[in-house]
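Text of coords11.txt, listed as compact mmCIF, C-alpha atoms and all ligand atoms:
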# COMPACT_ATOMS: atom_id res chain seq x y z
CA MET A 1 -11.52 9.49 -26.16
CA THR A 2 -14.44 8.89 -28.47
CA THR A 3 -15.03 11.30 -31.33
CA ARG A 4 -18.44 12.69 -32.24
CA SER A 5 -18.75 10.11 -35.00
CA GLY A 6 -18.48 7.43 -32.30
CA SER A 7 -15.07 6.15 -33.35
CA SER A 8 -12.21 6.04 -30.89
CA GLN A 9 -8.47 6.67 -31.06
CA PHE A 10 -8.17 2.94 -30.34
CA ASP A 11 -10.01 2.06 -33.56
CA ALA A 12 -7.37 3.88 -35.58
CA ILE A 13 -4.79 1.16 -35.96
CA SER A 14 -3.72 -0.28 -39.27
CA LEU A 15 -2.76 -3.85 -39.94
CA ASP A 16 0.01 -2.74 -42.31
CA ARG A 17 1.58 -0.63 -39.54
CA LEU A 18 1.25 -3.47 -37.05
CA HIS A 19 3.08 -5.78 -39.47
CA GLU A 20 6.02 -3.36 -39.32
CA ARG A 21 6.38 -4.04 -35.58
CA ARG A 22 9.28 -6.30 -34.58
CA SER A 23 7.98 -7.42 -31.18
CA GLU A 24 7.11 -10.99 -30.27
CA LYS A 25 3.44 -10.57 -31.07
CA TRP A 26 3.97 -9.38 -34.61
CA ALA A 27 7.25 -11.09 -35.56
CA THR A 28 6.63 -14.68 -34.43
CA HIS A 29 4.17 -15.80 -37.11
CA PRO A 30 4.00 -15.38 -40.89
CA ALA A 31 2.04 -12.37 -42.16
CA ASP A 32 -1.12 -14.35 -42.96
CA VAL A 33 -1.55 -15.22 -39.28
CA LEU A 34 -3.46 -12.75 -37.12
CA PRO A 35 -1.74 -12.77 -33.70
CA ALA A 36 -3.87 -12.67 -30.54
CA PHE A 37 -1.65 -14.64 -28.20
CA VAL A 38 1.08 -12.89 -26.18
CA ALA A 39 -0.01 -10.02 -23.88
CA GLU A 40 0.91 -7.02 -26.03
CA MET A 41 -1.68 -4.51 -27.19
CA ASP A 42 -1.97 -3.15 -30.71
CA PHE A 43 -2.71 0.49 -29.84
CA ASP A 44 -0.43 3.47 -30.25
CA LEU A 45 1.40 4.54 -27.11
CA ALA A 46 -0.17 7.03 -24.72
CA ALA A 47 1.06 10.48 -25.80
CA PRO A 48 2.89 11.29 -22.51
CA VAL A 49 4.73 7.98 -22.69
CA ARG A 50 5.66 8.37 -26.34
CA ASP A 51 6.79 11.96 -25.77
CA ALA A 52 8.97 10.95 -22.82
CA ILE A 53 10.66 8.23 -24.88
CA ASP A 54 11.03 10.49 -27.96
CA GLU A 55 12.56 13.27 -25.89
CA ALA A 56 15.00 10.87 -24.18
CA VAL A 57 16.11 9.47 -27.54
CA ALA A 58 16.44 12.99 -29.02
CA ARG A 59 18.81 14.03 -26.25
CA GLY A 60 20.80 10.78 -26.50
CA ASP A 61 19.62 9.82 -23.04
CA VAL A 62 19.95 6.05 -23.35
CA GLY A 63 22.54 5.24 -20.70
CA TYR A 64 22.17 3.22 -17.53
CA ALA A 65 18.94 3.35 -15.60
CA HIS A 66 18.61 5.69 -12.64
CA SER A 67 15.46 4.87 -10.79
CA ALA A 68 15.47 7.38 -7.90
CA GLU A 69 12.27 9.11 -9.07
CA LEU A 70 10.34 5.91 -9.70
CA PRO A 71 9.09 5.18 -6.13
CA ALA A 72 7.47 8.62 -5.82
CA ALA A 73 5.87 8.26 -9.25
CA PHE A 74 4.44 4.88 -8.25
CA ALA A 75 3.21 6.28 -4.90
CA TYR A 76 1.41 9.04 -6.84
CA PHE A 77 -0.19 6.45 -9.14
CA ALA A 78 -1.18 4.19 -6.22
CA ARG A 79 -2.89 7.08 -4.46
CA ASP A 80 -4.66 8.18 -7.62
CA ARG A 81 -5.74 4.76 -8.93
CA PHE A 82 -6.03 2.51 -5.87
CA ALA A 83 -6.70 5.14 -3.17
CA TRP A 84 -3.69 3.70 -1.38
CA ASP A 85 -1.15 5.80 0.50
CA VAL A 86 2.04 3.83 0.11
CA ASP A 87 5.30 4.93 1.69
CA GLU A 88 7.68 5.45 -1.21
CA ALA A 89 10.54 4.21 1.00
CA GLU A 90 8.97 0.75 0.65
CA ILE A 91 9.15 0.80 -3.17
CA PHE A 92 12.10 -0.31 -5.33
CA ALA A 93 12.75 -0.72 -9.04
CA VAL A 94 13.24 -4.13 -10.68
CA PRO A 95 13.74 -5.02 -14.36
CA ASP A 96 10.42 -6.80 -14.70
CA VAL A 97 7.73 -8.44 -12.66
CA MET A 98 9.09 -12.00 -12.75
CA ALA A 99 12.57 -10.84 -11.69
CA GLY A 100 10.84 -9.23 -8.72
CA VAL A 101 8.85 -12.38 -7.97
CA ALA A 102 12.12 -14.36 -7.90
CA GLU A 103 13.64 -11.95 -5.36
CA ALA A 104 10.46 -12.01 -3.26
CA LEU A 105 10.52 -15.82 -3.10
CA HIS A 106 14.09 -15.68 -1.78
CA ILE A 107 13.25 -13.19 0.93
CA LEU A 108 10.02 -14.80 2.03
CA SER A 109 10.72 -18.54 1.83
CA PRO A 110 13.61 -20.90 2.55
CA PRO A 111 15.20 -23.07 -0.17
CA GLU A 112 13.02 -26.01 -1.24
CA ALA A 113 9.94 -24.43 0.32
CA ARG A 114 6.55 -25.24 -1.13
CA VAL A 115 5.02 -22.26 -2.92
CA VAL A 116 1.30 -22.26 -3.67
CA ILE A 117 -0.17 -21.12 -6.98
CA ASN A 118 -3.71 -21.16 -8.42
CA PRO A 119 -3.94 -22.96 -11.77
CA PRO A 120 -4.85 -22.08 -14.43
CA VAL A 121 -2.30 -19.32 -14.09
CA TYR A 122 0.29 -17.20 -15.93
CA PRO A 123 2.78 -19.80 -17.31
CA PRO A 124 6.04 -18.26 -15.98
CA PHE A 125 4.80 -19.03 -12.44
CA TYR A 126 5.58 -22.68 -13.27
CA ASP A 127 9.15 -21.74 -14.19
CA VAL A 128 10.13 -19.19 -11.55
CA ILE A 129 9.37 -21.40 -8.54
CA PRO A 130 11.60 -24.38 -9.48
CA HIS A 131 14.17 -22.02 -10.98
CA GLU A 132 14.52 -20.35 -7.59
CA GLY A 133 14.88 -23.74 -5.89
CA ARG A 134 11.33 -23.96 -4.48
CA THR A 135 8.57 -26.47 -5.28
CA ILE A 136 5.08 -25.86 -6.63
CA ALA A 137 1.96 -26.68 -4.61
CA ALA A 138 -1.22 -26.25 -6.65
CA ALA A 139 -4.52 -24.96 -5.27
CA PRO A 140 -6.62 -24.78 -8.46
CA LEU A 141 -9.24 -22.08 -8.87
CA ALA A 142 -12.87 -23.14 -8.63
CA GLN A 143 -15.54 -22.40 -11.24
CA ASP A 144 -19.25 -22.16 -10.44
CA LYS A 145 -22.14 -23.16 -12.71
CA SER A 146 -22.26 -19.73 -14.35
CA GLY A 147 -18.59 -20.14 -15.26
CA ARG A 148 -17.32 -17.54 -12.78
CA TRP A 149 -13.92 -18.35 -11.30
CA SER A 150 -13.00 -17.94 -7.66
CA LEU A 151 -10.35 -18.84 -5.13
CA ASP A 152 -11.04 -22.27 -3.64
CA PHE A 153 -10.37 -21.61 0.03
CA ASP A 154 -10.59 -25.31 0.93
CA ALA A 155 -7.95 -26.16 -1.67
CA LEU A 156 -5.85 -23.23 -0.46
CA GLU A 157 -6.09 -24.39 3.14
CA ARG A 158 -5.09 -27.94 2.17
CA ALA A 159 -2.08 -26.58 0.27
CA PHE A 160 -1.11 -24.32 3.19
CA ALA A 161 -1.56 -27.19 5.68
CA SER A 162 0.78 -29.35 3.59
CA GLY A 163 3.67 -27.16 4.74
CA ALA A 164 3.67 -24.34 2.17
CA ARG A 165 5.75 -21.30 3.13
CA ALA A 166 4.71 -18.84 0.43
CA TYR A 167 1.73 -18.12 -1.80
CA LEU A 168 2.21 -16.56 -5.23
CA LEU A 169 -1.09 -14.85 -5.98
CA CYS A 170 -1.96 -13.45 -9.40
CA SER A 171 -4.04 -10.32 -8.68
CA PRO A 172 -5.83 -9.47 -10.96
CA HIS A 173 -5.71 -13.00 -12.24
CA ASN A 174 -4.25 -13.89 -15.64
CA PRO A 175 -5.86 -15.69 -17.47
CA VAL A 176 -9.32 -15.79 -15.83
CA GLY A 177 -9.60 -12.01 -15.41
CA ARG A 178 -10.87 -11.99 -11.82
CA VAL A 179 -10.17 -8.97 -9.63
CA TRP A 180 -10.11 -10.36 -6.10
CA THR A 181 -12.47 -8.46 -3.82
CA GLN A 182 -11.26 -6.95 -0.60
CA ALA A 183 -13.23 -9.63 1.27
CA GLU A 184 -11.46 -12.40 -0.69
CA LEU A 185 -8.08 -10.79 -0.02
CA ARG A 186 -8.82 -10.51 3.68
CA GLU A 187 -9.71 -14.21 3.75
CA VAL A 188 -6.45 -15.01 1.93
CA ILE A 189 -4.49 -12.96 4.45
CA ALA A 190 -6.21 -14.55 7.44
CA LEU A 191 -5.41 -18.00 6.05
CA CYS A 192 -1.79 -17.02 5.37
CA GLU A 193 -1.47 -15.77 8.96
CA ARG A 194 -2.98 -18.94 10.39
CA TYR A 195 -0.50 -21.17 8.55
CA GLY A 196 2.56 -18.91 8.58
CA VAL A 197 2.53 -18.52 4.78
CA ALA A 198 4.08 -15.38 3.25
CA LEU A 199 2.29 -13.64 0.39
CA VAL A 200 3.76 -12.61 -2.96
CA SER A 201 1.20 -10.72 -5.02
CA ASP A 202 1.76 -10.19 -8.76
CA GLU A 203 -0.31 -7.08 -9.50
CA SER A 204 0.89 -6.44 -13.08
CA HIS A 205 -2.64 -6.03 -14.41
CA ALA A 206 -3.94 -3.84 -11.58
CA PRO A 207 -4.18 -0.62 -13.66
CA LEU A 208 -6.39 -2.46 -16.16
CA THR A 209 -9.53 -2.99 -14.09
CA MET A 210 -12.73 -2.54 -16.04
CA PRO A 211 -14.68 0.65 -15.31
CA GLY A 212 -16.40 0.44 -11.91
CA VAL A 213 -14.24 -2.45 -10.63
CA ALA A 214 -12.15 -1.60 -7.55
CA PHE A 215 -8.70 -3.07 -7.08
CA THR A 216 -7.12 -3.60 -3.66
CA PRO A 217 -3.31 -3.86 -3.47
CA ALA A 218 -2.46 -6.80 -1.19
CA PRO A 219 0.03 -4.83 0.97
CA SER A 220 -2.68 -2.27 1.72
CA VAL A 221 -4.61 -4.88 3.71
CA SER A 222 -1.90 -7.38 4.72
CA GLY A 223 -1.19 -5.90 8.18
CA GLU A 224 1.68 -7.73 9.87
CA LEU A 225 1.77 -10.56 7.32
CA PRO A 226 5.07 -10.77 5.39
CA CYS A 227 3.95 -9.61 1.96
CA VAL A 228 5.70 -8.41 -1.18
CA ALA A 229 3.87 -7.14 -4.26
CA LEU A 230 4.83 -6.25 -7.81
CA TRP A 231 3.40 -3.59 -10.10
CA SER A 232 4.23 -2.35 -13.54
CA ALA A 233 3.15 0.02 -16.27
CA SER A 234 4.19 -2.62 -18.79
CA LYS A 235 0.78 -4.22 -19.40
CA ALA A 236 -1.45 -1.16 -19.11
CA PHE A 237 0.80 1.10 -21.21
CA ASN A 238 2.19 -1.61 -23.47
CA ILE A 239 5.87 -1.04 -22.70
CA ALA A 240 6.95 -4.55 -21.60
CA GLY A 241 10.02 -4.48 -23.85
CA LEU A 242 11.43 -1.47 -22.00
CA LYS A 243 12.07 -3.49 -18.81
CA CYS A 244 10.94 -1.76 -15.69
CA ALA A 245 8.67 -2.76 -12.81
CA VAL A 246 8.32 -1.89 -9.13
CA ILE A 247 8.37 -4.04 -6.03
CA GLY A 248 7.06 -3.13 -2.59
CA ALA A 249 7.15 -4.67 0.87
CA SER A 250 4.46 -4.57 3.52
CA SER A 251 6.52 -3.96 6.63
CA GLY A 252 9.81 -2.47 7.74
CA ASN A 253 11.37 -5.84 8.41
CA ILE A 254 10.57 -7.22 4.95
CA ARG A 255 11.49 -3.90 3.35
CA ASP A 256 14.96 -4.04 4.91
CA LYS A 257 15.43 -7.61 3.71
CA LEU A 258 14.25 -6.62 0.24
CA ARG A 259 16.56 -3.63 0.07
CA ALA A 260 19.52 -5.71 1.26
CA ARG A 261 18.73 -8.44 -1.25
CA LEU A 262 18.40 -6.01 -4.17
CA LYS A 263 21.60 -4.18 -3.19
CA SER A 264 23.55 -7.40 -2.70
CA ARG A 265 22.95 -8.34 -6.34
CA PRO A 266 23.69 -5.11 -8.21
CA ASP A 267 24.75 -6.81 -11.43
CA GLU A 268 21.70 -8.97 -11.60
CA ILE A 269 19.03 -6.44 -10.74
CA GLU A 270 19.98 -2.77 -10.95
CA SER A 271 21.88 -3.05 -14.23
CA ARG A 272 19.10 -5.02 -15.92
CA ILE A 273 16.52 -2.27 -15.47
CA GLY A 274 15.92 -0.42 -18.74
CA HIS A 275 16.63 3.29 -18.64
CA LEU A 276 13.90 4.03 -21.18
CA GLY A 277 11.67 1.75 -19.12
CA VAL A 278 12.16 3.95 -16.05
CA ILE A 279 11.52 7.11 -18.09
CA ALA A 280 8.41 5.69 -19.76
CA THR A 281 7.06 4.21 -16.52
CA ILE A 282 7.41 7.51 -14.64
CA ALA A 283 5.59 9.30 -17.49
CA ALA A 284 2.84 6.66 -17.43
CA PHE A 285 2.40 6.78 -13.65
CA ARG A 286 2.49 10.58 -13.48
CA HIS A 287 0.63 11.59 -16.65
CA GLY A 288 -1.03 8.50 -18.12
CA ALA A 289 -4.37 8.51 -16.27
CA PRO A 290 -6.58 10.16 -18.95
CA TRP A 291 -5.31 7.80 -21.65
CA LEU A 292 -5.63 4.81 -19.30
CA ASP A 293 -9.24 5.65 -18.54
CA SER A 294 -10.05 5.92 -22.27
CA LEU A 295 -8.34 2.57 -22.79
CA ARG A 296 -10.32 0.92 -19.99
CA GLU A 297 -13.54 2.18 -21.51
CA TYR A 298 -12.54 0.86 -24.91
CA LEU A 299 -11.59 -2.53 -23.46
CA ASP A 300 -14.92 -2.65 -21.66
CA GLY A 301 -16.55 -2.31 -25.09
CA ASN A 302 -14.29 -5.03 -26.46
CA ARG A 303 -15.13 -7.51 -23.75
CA ARG A 304 -18.84 -6.98 -24.50
CA LEU A 305 -18.28 -7.15 -28.24
CA LEU A 306 -16.38 -10.42 -27.81
CA GLY A 307 -19.38 -11.86 -25.96
CA ASP A 308 -21.71 -10.81 -28.80
CA LEU A 309 -19.40 -12.15 -31.49
CA LEU A 310 -18.97 -15.50 -29.77
CA GLN A 311 -22.71 -15.76 -29.21
CA GLU A 312 -23.27 -15.16 -32.90
CA LYS A 313 -20.44 -17.19 -34.44
CA ILE A 314 -19.21 -19.76 -31.88
CA PRO A 315 -22.02 -20.15 -29.33
CA GLN A 316 -20.53 -23.35 -27.91
CA ALA A 317 -17.46 -21.49 -26.65
CA ARG A 318 -17.79 -20.53 -22.99
CA TYR A 319 -16.69 -17.04 -22.07
CA VAL A 320 -16.97 -15.07 -18.86
CA PRO A 321 -16.07 -11.41 -19.48
CA PRO A 322 -12.99 -10.46 -17.44
CA GLU A 323 -13.11 -7.90 -14.63
CA ALA A 324 -9.67 -6.65 -15.67
CA THR A 325 -7.10 -7.05 -18.45
CA TYR A 326 -7.54 -7.47 -22.18
CA LEU A 327 -7.25 -11.24 -21.97
CA ALA A 328 -10.20 -13.58 -22.46
CA TRP A 329 -10.11 -17.15 -21.22
CA LEU A 330 -12.27 -19.29 -23.48
CA ASP A 331 -13.46 -22.78 -22.69
CA CYS A 332 -13.54 -24.77 -25.94
CA THR A 333 -14.68 -28.04 -24.35
CA ARG A 334 -17.97 -28.02 -26.24
CA LEU A 335 -16.41 -27.33 -29.64
CA ALA A 336 -15.86 -30.41 -31.74
CA ILE A 337 -12.08 -30.16 -31.83
CA ASP A 338 -9.69 -33.10 -31.60
CA GLY A 339 -6.46 -32.11 -29.93
CA ASP A 340 -5.25 -28.65 -29.02
CA PRO A 341 -7.85 -25.96 -29.88
CA ALA A 342 -5.13 -23.30 -30.34
CA GLN A 343 -3.43 -25.52 -32.93
CA ARG A 344 -6.70 -25.93 -34.81
CA PHE A 345 -7.37 -22.17 -34.82
CA LEU A 346 -3.84 -21.52 -36.01
CA GLU A 347 -3.76 -24.13 -38.75
CA ARG A 348 -7.25 -23.71 -40.14
CA GLY A 349 -8.13 -20.15 -39.15
CA ARG A 350 -4.69 -18.50 -39.29
CA VAL A 351 -5.28 -16.87 -35.94
CA ALA A 352 -2.76 -17.35 -33.12
CA LEU A 353 -4.18 -17.76 -29.60
CA GLU A 354 -2.36 -18.80 -26.44
CA PRO A 355 -2.86 -22.56 -25.79
CA GLY A 356 -4.57 -23.30 -22.50
CA ARG A 357 -2.20 -26.16 -21.63
CA LYS A 358 0.57 -23.62 -20.90
CA PHE A 359 -1.52 -22.36 -17.95
CA GLY A 360 -1.55 -25.67 -16.13
CA PRO A 361 -3.00 -29.15 -15.99
CA PHE A 362 -6.65 -29.54 -17.02
CA ALA A 363 -6.55 -26.35 -19.10
CA ASP A 364 -5.85 -28.00 -22.44
CA ARG A 365 -9.43 -27.38 -23.67
CA PHE A 366 -9.00 -23.63 -23.18
CA VAL A 367 -7.43 -20.85 -25.20
CA ARG A 368 -6.50 -17.32 -24.13
CA LEU A 369 -7.51 -14.62 -26.58
CA ASN A 370 -5.91 -11.16 -26.52
CA MET A 371 -8.55 -8.51 -27.18
CA GLY A 372 -6.17 -5.57 -26.78
CA THR A 373 -6.82 -4.57 -30.35
CA SER A 374 -9.30 -2.62 -32.47
CA ARG A 375 -12.91 -3.74 -32.73
CA ALA A 376 -12.34 -4.43 -36.43
CA LEU A 377 -9.46 -6.79 -35.68
CA LEU A 378 -11.37 -8.39 -32.81
CA ARG A 379 -14.17 -9.18 -35.28
CA GLU A 380 -11.61 -10.66 -37.65
CA ILE A 381 -10.13 -12.83 -34.87
CA VAL A 382 -13.52 -14.37 -34.09
CA THR A 383 -14.41 -14.71 -37.78
CA ARG A 384 -11.20 -16.67 -38.34
CA MET A 385 -11.87 -18.85 -35.29
CA ALA A 386 -15.34 -19.63 -36.60
CA ALA A 387 -13.92 -20.46 -40.03
CA ALA A 388 -11.49 -22.90 -38.41
CA LEU A 389 -14.43 -24.85 -37.02
CA ARG A 390 -16.17 -25.41 -40.32
C1 LIG B 1 0.46 -11.98 -14.36
C2 LIG B 1 1.68 -11.46 -15.06
N1 LIG B 1 2.83 -11.31 -14.39
C3 LIG B 1 3.94 -10.85 -14.97
C4 LIG B 1 3.96 -10.53 -16.31
C5 LIG B 1 5.22 -10.06 -16.92
O1 LIG B 1 5.23 -8.71 -16.93
P1 LIG B 1 6.51 -7.89 -17.38
O2 LIG B 1 7.34 -8.76 -18.26
O3 LIG B 1 5.95 -6.77 -18.12
O4 LIG B 1 7.20 -7.46 -16.17
C6 LIG B 1 2.80 -10.68 -17.07
C7 LIG B 1 2.81 -10.42 -18.50
O5 LIG B 1 1.89 -10.65 -19.21
C8 LIG B 1 1.64 -11.15 -16.43
O6 LIG B 1 0.49 -11.33 -17.10
Represent the supplied structure as structure tokens.
Amino acid sequence: MTTRSGSSQFDAISLDRLHERRSEKWATHPADVLPAFVAEMDFDLAAPVRDAIDEAVARGDVGYAHSAELPAAFAYFARDRFAWDVDEAEIFAVPDVMAGVAEALHILSPPEARVVINPPVYPPFYDVIPHEGRTIAAAPLAQDKSGRWSLDFDALERAFASGARAYLLCSPHNPVGRVWTQAELREVIALCERYGVALVSDESHAPLTMPGVAFTPAPSVSGELPCVALWSASKAFNIAGLKCAVIGASSGNIRDKLRARLKSRPDEIESRIGHLGVIATIAAFRHGAPWLDSLREYLDGNRRLLGDLLQEKIPQARYVPPEATYLAWLDCTRLAIDGDPAQRFLERGRVALEPGRKFGPFADRFVRLNMGTSRALLREIVTRMAAALR
């Protein structure tokens, strides 16, 4: 919502208030550091989400989670946002996306199986695969001359041909911000079918496509391929600490396996889901659309503003505006920095960015910048980065 003066509800955040937050983003560093690392946004909650949480707290409703209404709320959201008619019987609650990914790997691949990922990619992918007793096979993303990232289908095919049994896709992709087109997804699925590779699709950022960009849920086009996907309101509505996500299977067979697996581990899964997370997620899925659309418009402005600011203050940094998410993946190769760029920005600029090396080999010249903040603070982030280079 933009007011007549041109300012937005998302501009109205105060640094003093943000410093009162106790979450990872605001509590990790001393107060003179401006945090732009972990994927939390700085905005106030969407009113329907805040009201749902406030009302639950007011009635003392903070017991164990009961997720029976969550699948229908997700199905409503999927129809509304992705034009996808999902059968709510195929949807289950999990505590968070990575817990769901772990379960999916168990259902879709045998122990010690090779699981393909696309570096640079969300760092916990490197942990969950070995933690679940599987091994990582890398098929790095490709980058063309303009800097645009894409899936490297030759690399994928080589990884699949080397005996991989599952493919953990990040869709939309964190950190490069690509939203895979339906054509790309169909090619992925055809390749998976040819090599007998199951698909696990992490779709955490799906609600955060930029205006005009269409998102395709993998299970909506995966046909007979064994496919499990994960969604969440946690990124788009900034409620990651409340612990709730949803998992869905593409076919009856996989759905039955998934249900059996989730039921066979009640202590580990069901009891770890946050009750307030379920309440907030249902409110977000059912009533959050107007706020989400205002947010997406604001983030669209931020991604353009970031381009302008970098052009003006740090023209050697390479930036391709993301098609989704509030995360920007910046190539610092051409900046004269010895060592880790994130360290330099932190020490000399007092601005905390996510170091590229966490996202995989060959990414140590990159940083990930969180632009889920006001335009004023985004300006300050880039000003501090530029100061660190002087
Ligand atoms: C690609 C991806 N997957 C999973 C997660 C974790 O999501 P959550 O902890 O909210 O379930 C994140 C968080 O940033 C993410 O970017």
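Taking only C-alpha atoms into account, the polymer residues that have an atom no farther than 9 Å from (-4.7, -11.9, -30.1) are A:Lys25, A:Leu34, A:Pro35, A:Ala36, A:Phe37, A:Val38, A:Ala39, A:Glu40, A:Met41, A:Leu327, A:Val351, A:Ala352, A:Leu353, A:Glu354, A:Arg368, A:Leu369, A:Asn370, A:Met371, A:Gly372, A:Thr373, A:Leu377, A:Leu378, A:Ile381.
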At a cut-off of 7 Å, can you tabulate as a Markdown table every residue of chain A near ligand LIG 1 (chain B) together with its closest atom pair and the distance in Å to one decimal, using only C-alpha atoms and all ligand atoms and ordering rows by chain then number?
| residue | atom | partner | partner_atom | distance |
| --- | --- | --- | --- | --- |
| A:Ala39 | CA | B:LIG1 | O5 | 5.1 |
| A:Asp96 | CA | B:LIG1 | O4 | 3.6 |
| A:Val97 | CA | B:LIG1 | O4 | 3.7 |
| A:Met98 | CA | B:LIG1 | C3 | 5.7 |
| A:Tyr122 | CA | B:LIG1 | C1 | 5.5 |
| A:Cys170 | CA | B:LIG1 | C1 | 5.7 |
| A:His173 | CA | B:LIG1 | C1 | 6.6 |
| A:Asn174 | CA | B:LIG1 | C1 | 5.2 |
| A:Asp202 | CA | B:LIG1 | N1 | 5.8 |
| A:Glu203 | CA | B:LIG1 | C1 | 6.9 |
| A:Ser204 | CA | B:LIG1 | N1 | 5.4 |
| A:His205 | CA | B:LIG1 | C1 | 6.7 |
| A:Ser232 | CA | B:LIG1 | O4 | 6.5 |
| A:Ser234 | CA | B:LIG1 | O3 | 4.6 |
| A:Lys235 | CA | B:LIG1 | O3 | 5.9 |
| A:Ala240 | CA | B:LIG1 | O3 | 4.2 |
| A:Lys243 | CA | B:LIG1 | O4 | 6.8 |
| A:Cys244 | CA | B:LIG1 | O4 | 6.8 |
| A:Ala245 | CA | B:LIG1 | O4 | 6.0 |
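If you count only C-alpha atoms and draw a sphere of 12 Å around (-1.8, -25.7, -18.9), the protein and nucleic acid residues inside it come out as Asn118, Pro119, Pro120, Val121, Tyr122, Pro123, Pro124, Phe125, Tyr126, Pro140, Pro175, Asp340, Glu354, Pro355, Gly356, Arg357, Lys358, Phe359, Gly360, Pro361, Phe362, Ala363, Asp364, Arg365, Phe366, Val367 and Arg368 of chain A.
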State, in Å with one decimal place, the distance from CA of Ser201 (chain A) to CA of Thr281 (chain A).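 Result for CA of Ser201 (chain A) versus CA of Thr281 (chain A): 19.7 Å, one decimal.
Across the model, the gap from CA of Tyr326 (chain A) to CA of Phe74 (chain A) is 22.1 Å.
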Residues near Arg261 (chain A), anyone? I mean within 12 Å using only C-alpha atoms, not counting same-chain ones fewer than 2 positions away, as a PyMOL selection string. chain A and resi 92+94+100+102-108+254-259+263-270
Which of these, A:Ala31, A:Val179, A:Ala73, A:Leu151, has the shortest distance to Val246 (chain A) once you count all atoms listed in the file?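 Closest residue, counting all atoms listed in the file: A:Ala73.
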The distance between CA of Gly301 (chain A) and CA of Val213 (chain A) is 14.6 Å
Rebuild N, CA and C atoms on region 373-385 of chain A, as a PDB file, in the frame of the given file?
ATOM      1  N   THR A 373      -6.945  -4.958 -28.949  1.00  0.00           N
ATOM      2  CA  THR A 373      -6.820  -4.570 -30.350  1.00  0.00           C
ATOM      3  C   THR A 373      -8.079  -3.802 -30.761  1.00  0.00           C
ATOM      4  N   SER A 374      -8.125  -3.392 -32.031  1.00  0.00           N
ATOM      5  CA  SER A 374      -9.300  -2.620 -32.470  1.00  0.00           C
ATOM      6  C   SER A 374     -10.508  -3.549 -32.587  1.00  0.00           C
ATOM      7  N   ARG A 375     -11.685  -2.931 -32.604  1.00  0.00           N
ATOM      8  CA  ARG A 375     -12.910  -3.740 -32.730  1.00  0.00           C
ATOM      9  C   ARG A 375     -12.915  -4.457 -34.078  1.00  0.00           C
ATOM     10  N   ALA A 376     -12.375  -3.799 -35.103  1.00  0.00           N
ATOM     11  CA  ALA A 376     -12.340  -4.430 -36.430  1.00  0.00           C
ATOM     12  C   ALA A 376     -11.480  -5.694 -36.387  1.00  0.00           C
ATOM     13  N   LEU A 377     -10.328  -5.602 -35.732  1.00  0.00           N
ATOM     14  CA  LEU A 377      -9.460  -6.790 -35.680  1.00  0.00           C
ATOM     15  C   LEU A 377     -10.035  -7.855 -34.736  1.00  0.00           C
ATOM     16  N   LEU A 378     -10.728  -7.415 -33.697  1.00  0.00           N
ATOM     17  CA  LEU A 378     -11.370  -8.390 -32.810  1.00  0.00           C
ATOM     18  C   LEU A 378     -12.425  -9.196 -33.587  1.00  0.00           C
ATOM     19  N   ARG A 379     -13.173  -8.482 -34.433  1.00  0.00           N
ATOM     20  CA  ARG A 379     -14.170  -9.180 -35.280  1.00  0.00           C
ATOM     21  C   ARG A 379     -13.477 -10.203 -36.177  1.00  0.00           C
ATOM     22  N   GLU A 380     -12.344  -9.775 -36.735  1.00  0.00           N
ATOM     23  CA  GLU A 380     -11.610 -10.660 -37.650  1.00  0.00           C
ATOM     24  C   GLU A 380     -11.084 -11.895 -36.903  1.00  0.00           C
ATOM     25  N   ILE A 381     -10.624 -11.696 -35.673  1.00  0.00           N
ATOM     26  CA  ILE A 381     -10.130 -12.830 -34.870  1.00  0.00           C
ATOM     27  C   ILE A 381     -11.239 -13.881 -34.723  1.00  0.00           C
ATOM     28  N   VAL A 382     -12.427 -13.416 -34.340  1.00  0.00           N
ATOM     29  CA  VAL A 382     -13.520 -14.370 -34.090  1.00  0.00           C
ATOM     30  C   VAL A 382     -14.006 -14.975 -35.416  1.00  0.00           C
ATOM     31  N   THR A 383     -14.014 -14.177 -36.471  1.00  0.00           N
ATOM     32  CA  THR A 383     -14.410 -14.710 -37.780  1.00  0.00           C
ATOM     33  C   THR A 383     -13.473 -15.832 -38.198  1.00  0.00           C
ATOM     34  N   ARG A 384     -12.180 -15.630 -37.978  1.00  0.00           N
ATOM     35  CA  ARG A 384     -11.200 -16.670 -38.340  1.00  0.00           C
ATOM     36  C   ARG A 384     -11.368 -17.910 -37.456  1.00  0.00           C
ATOM     37  N   MET A 385     -11.652 -17.687 -36.170  1.00  0.00           N
ATOM     38  CA  MET A 385     -11.870 -18.850 -35.290  1.00  0.00           C
ATOM     39  C   MET A 385     -13.064 -19.653 -35.780  1.00  0.00           C
TER      40      MET A 385
END
